[in-house]
Amino acid sequence: MSANLSPNTGANLDAGEVSIVIIGTGFAGLGMGIRLRQAGIEDFVIFEQADHIGGTWRDNSYPGAACDIESHLYSFSFAPNPTWSRTFAPQAEILAYLDRCADQYALRPHIRMNTAVTEAAWKQSAGCWELRTSDGKITRAGLVIACCGGISRPALPDIPGLETFAGRTFHSARWDHAYDLGGKTVAVIGTGASAVQIVPAIAPDVKQLKLFQRSPPWILPKEDRDIPQDERERFARRPLLQKLVRWKQYLRHELAAPGFVSQPRILKWAEGLFHWFLKKQVADPELRRKLTPSYRMGCKRVLLSNDYYPALQRPNVELITEAIQEVRPEGILTRDGTLHKVDALILATGFQAAEAVSPFSLVGRSGRELNEVWADGAEAYLGTAVSDFPNLFFIVGPNTGLGHNSMIFMIESQIAYILSCVRMMRSRKLRQVEVRPQVQQSYNRKLQARFPRTVWKSGCVSWYQTRNGKNTTLWPGYTFEYRLRTRRFDPGSYDIS
C-alpha cells in the first residue's frame, strides 16, 4: 500500500488498508477521530476491544463513580455540554456525553467494536504498520495512534492466597453488577480514588464493610452541587458564559501547580485545610490518627470527598490498618492473627500505570518490542513519539499525566500536535517520520531532572513511580507549558523521508 498518508476520502475502511489507525475509544481516541474528520480526513479506523465506547468511563462503572475535575473542564473544548447536572459529573453522565460526541461528529462508521489489536509491527520495506486484530484480520496502516490509556489495565495486589478466596472477588474497574452486595460482609482493599467513592456508595447496603488501609490519603472537601435548570439554560443560550466558567476553573487549578511542580511548601495551607476538615468530620481522635497521612500532601493523588469520612463512622463499617498477611478461602488474615471472614472481596487497588507498557506486542523498525525498549521505564518525546517506532504516536503516553488539572487539556494538546504532523505529511507527501534518538534522550534527561524539586519526590511510594523510583507517569510542569510545546509539529526533531 501507499503509506504516505495522501488524502483518500473514499477509502474502503473494511479493505484491510487504511491511512490511519486509532486504538481506543476513550476521550483520546474519540477526540483524535473528531479532529481528523473536522480536518477533512476520513480514511481512518478506530479499533475498540470492548462492545461499547468510553474507555475509563466505560470500565469504571462502580457505585459512586464520578469525576474529580469539574464537568465543564473535563470535556472537549470544542464540544461544550451545557446540560451537566452536577459540578462534578457522575460516570454515567460522562459516558453519555462521549456517546453523544461519537454520534454528533459521525464517528460510528469509523469504529470497529469488539476488535482488539493483538500485535502490530512496522514493515520498513512497505513503509507501513501491519496490525493483527482479535477477529483474525490484518490491517495495514500508514500511521498508528495509540490511545490505550494510562489507567486501562487493573493492578491486582500481590497478596498470598488471593486466588484461594471462596467468595466473590472483583476489581473496581471490573465491577460485577450482577452480584448483590445487600446483606453481605464485604472487604474493600485499598483507600485510593476508587475506594473513596465506593465505600460511601455501598456502606448503606451491605451488612458489614471491612476497609483495609495501607496508607491514608489526603482528602479535601468536594465543592460539588446540583446545577439548577436555569443555570444550564443560561449556558445553552450563552456559550461564551460557559467558556468563561471553564477558563476560570482551569486557571484556579493551574494556580495550584507551583505547589506540585516546584515549591511543595506552598501546599502547607492545603494541609491545614485537610486537618480542619478531618477534625470537623471525625470526632474520634484515634480514628483521626489512623486517617492522617505521614507523607507530604500531593506526593500521592489528592482526593476529594464529602461523604467518605462519615461513611467510615457508620456502625457497620470497620477501618483496618493492620497489614494483610494472606487471603484464605473464608476471608483475610492480618498480621495480628485476626481472620476477617467476608463474603466478597473488592480490589480497589488501582491500575498498572508507571509499570505499564504496551497491552499488545508492538515491534519497531529494528525488530525490538516496545516492552523491551521500555524495560527500565517508559519514555517518549513529548510523551507522544518513540525513537525506532516510525509513524507511531501515543496520546496519554509517558509523563503526560497530571496531579493538579484536567487531563482533557493535555489530550487536546497531543491531538493538535499529531494532527499538525498528519497535515504536514500529507501536504509534503511524506512517507515516514521518526523522532531522533538524541532528541528523545535529551528531552527525557531534562524532564527527569525536574522531578527532584517536585512534591512527587518528597519521600512516598506511589503509583506514579516504577519500582526503581522513576516517575514515568506525570508531567512535571505547567499545563500551558506543555500546550506551547505541542502547539505545532516540530519536524526538526524527526528523521523524515
# chains A, B, ... in the order shown; residues from 1 in each chain; ligands from 1

$ residues_around --residues "Ala65 (chain A)" --least-positions-apart "4" --cutoff "12 Å" --atoms "only C-alpha atoms" --output "number ranges by chain"
A: 56-61, 88-95, 172-173, 175, 193-202, 305

$ residues_around --residues "Tyr74 (chain A)" --least-positions-apart "3" --cutoff "7 Å" --atoms "only C-alpha atoms" --output "list in words"
Ile69, Glu70, Ser71, Ser406 and Ile408 of chain A

$ closest_residue --among "A:Gln104, A:Gln465, A:Asn371, A:Gln414" --to "Cys147 (chain A)" --atoms "only C-alpha atoms"
A:Gln414

$ residues_around --residues "region 321-335 of chain A" --least-positions-apart "6" --cutoff "6 Å" --atoms "only C-alpha atoms" --output "list in words"
Ile159, Pro160, Gly161, Leu162, Thr164, Phe165, Ala166, Gln213, Lys341 and Val342 of chain A

$ write_last_selection --atoms "N, CA and C atoms" --output "short mmCIF file (atom, residue, chain, number, x, y, z; two decimals), in the first residue's frame"
data_model
loop_
_atom_site.label_atom_id
_atom_site.label_comp_id
_atom_site.auth_asym_id
_atom_site.auth_seq_id
_atom_site.Cartn_x
_atom_site.Cartn_y
_atom_site.Cartn_z
N ILE A 159 -0.91 -10.47 46.96
CA ILE A 159 -1.24 -10.97 48.29
C ILE A 159 -1.29 -12.49 48.24
N PRO A 160 -0.53 -13.19 49.06
CA PRO A 160 -0.56 -14.65 49.06
C PRO A 160 -1.98 -15.18 49.29
N GLY A 161 -2.35 -16.16 48.50
CA GLY A 161 -3.63 -16.83 48.68
C GLY A 161 -4.83 -16.14 48.06
N LEU A 162 -4.60 -15.04 47.34
CA LEU A 162 -5.72 -14.29 46.78
C LEU A 162 -6.60 -15.18 45.90
N THR A 164 -7.27 -18.20 46.26
CA THR A 164 -7.96 -19.26 47.01
C THR A 164 -9.27 -18.79 47.62
N PHE A 165 -9.55 -17.50 47.58
CA PHE A 165 -10.76 -16.99 48.23
C PHE A 165 -12.00 -17.65 47.63
N ALA A 166 -12.88 -18.14 48.48
CA ALA A 166 -14.04 -18.91 48.04
C ALA A 166 -15.23 -18.03 47.69
N GLN A 213 -6.71 -0.59 54.88
CA GLN A 213 -5.92 0.58 54.51
C GLN A 213 -4.44 0.34 54.75
N LYS A 341 -13.61 -12.78 58.26
CA LYS A 341 -14.43 -13.57 57.35
C LYS A 341 -15.33 -12.64 56.54
N VAL A 342 -15.31 -12.83 55.22
CA VAL A 342 -16.11 -11.98 54.33
C VAL A 342 -16.74 -12.81 53.22
#

$ select_by_dssp --residues "region 265-383 of chain A" --states "helix (DSSP H, G or I)" --output "NGL selection string"
:A and (265-281 or 285-290 or 308-312 or 370-373)

$ residues_around --residues "Ala106 (chain A)" --least-positions-apart "4" --cutoff "9 Å" --atoms "only C-alpha atoms" --output "ChimeraX atom specification"
/A:34,37,101-102,110

$ write_last_selection --atoms "N, CA and C atoms" --output "PDB file, in the first residue's frame"
ATOM      1  N   ILE A  34     -12.452  12.832  15.969  1.00  0.00           N
ATOM      2  CA  ILE A  34     -13.250  14.021  15.678  1.00  0.00           C
ATOM      3  C   ILE A  34     -12.401  15.077  14.981  1.00  0.00           C
ATOM      4  N   ARG A  37     -11.747  14.193  11.348  1.00  0.00           N
ATOM      5  CA  ARG A  37     -12.903  14.457  10.493  1.00  0.00           C
ATOM      6  C   ARG A  37     -13.072  15.952  10.249  1.00  0.00           C
ATOM      7  N   CYS A 101     -20.978  12.653  21.646  1.00  0.00           N
ATOM      8  CA  CYS A 101     -19.910  13.159  20.788  1.00  0.00           C
ATOM      9  C   CYS A 101     -19.674  12.235  19.601  1.00  0.00           C
ATOM     10  N   ALA A 102     -19.678  10.926  19.856  1.00  0.00           N
ATOM     11  CA  ALA A 102     -19.474   9.959  18.767  1.00  0.00           C
ATOM     12  C   ALA A 102     -20.561  10.079  17.718  1.00  0.00           C
ATOM     13  N   HIS A 110     -16.549   4.747  11.621  1.00  0.00           N
ATOM     14  CA  HIS A 110     -15.108   4.524  11.668  1.00  0.00           C
ATOM     15  C   HIS A 110     -14.693   3.545  12.773  1.00  0.00           C
TER      16      HIS A 110
END

$ select_by_dssp --residues "region 62-182 of chain A" --states "strand (DSSP E)" --output "ChimeraX atom specification"
/A:111-112,117-123,128-133,138-146,168-171

$ residues_around --residues "Tyr417 (chain A)" --least-positions-apart "5" --cutoff "7 Å" --atoms "only C-alpha atoms" --output "PyMOL selection string"
chain A and resi 486-489

$ residues_around --residues "Val206 (chain A)" --least-positions-apart "5" --cutoff "6 Å" --atoms "only C-alpha atoms" --output "PyMOL selection string"
chain A and resi 181-184

$ atom_distance --atom1 "CA of Phe78 (chain A)" --atom2 "CA of Ile111 (chain A)"
20.6 Å
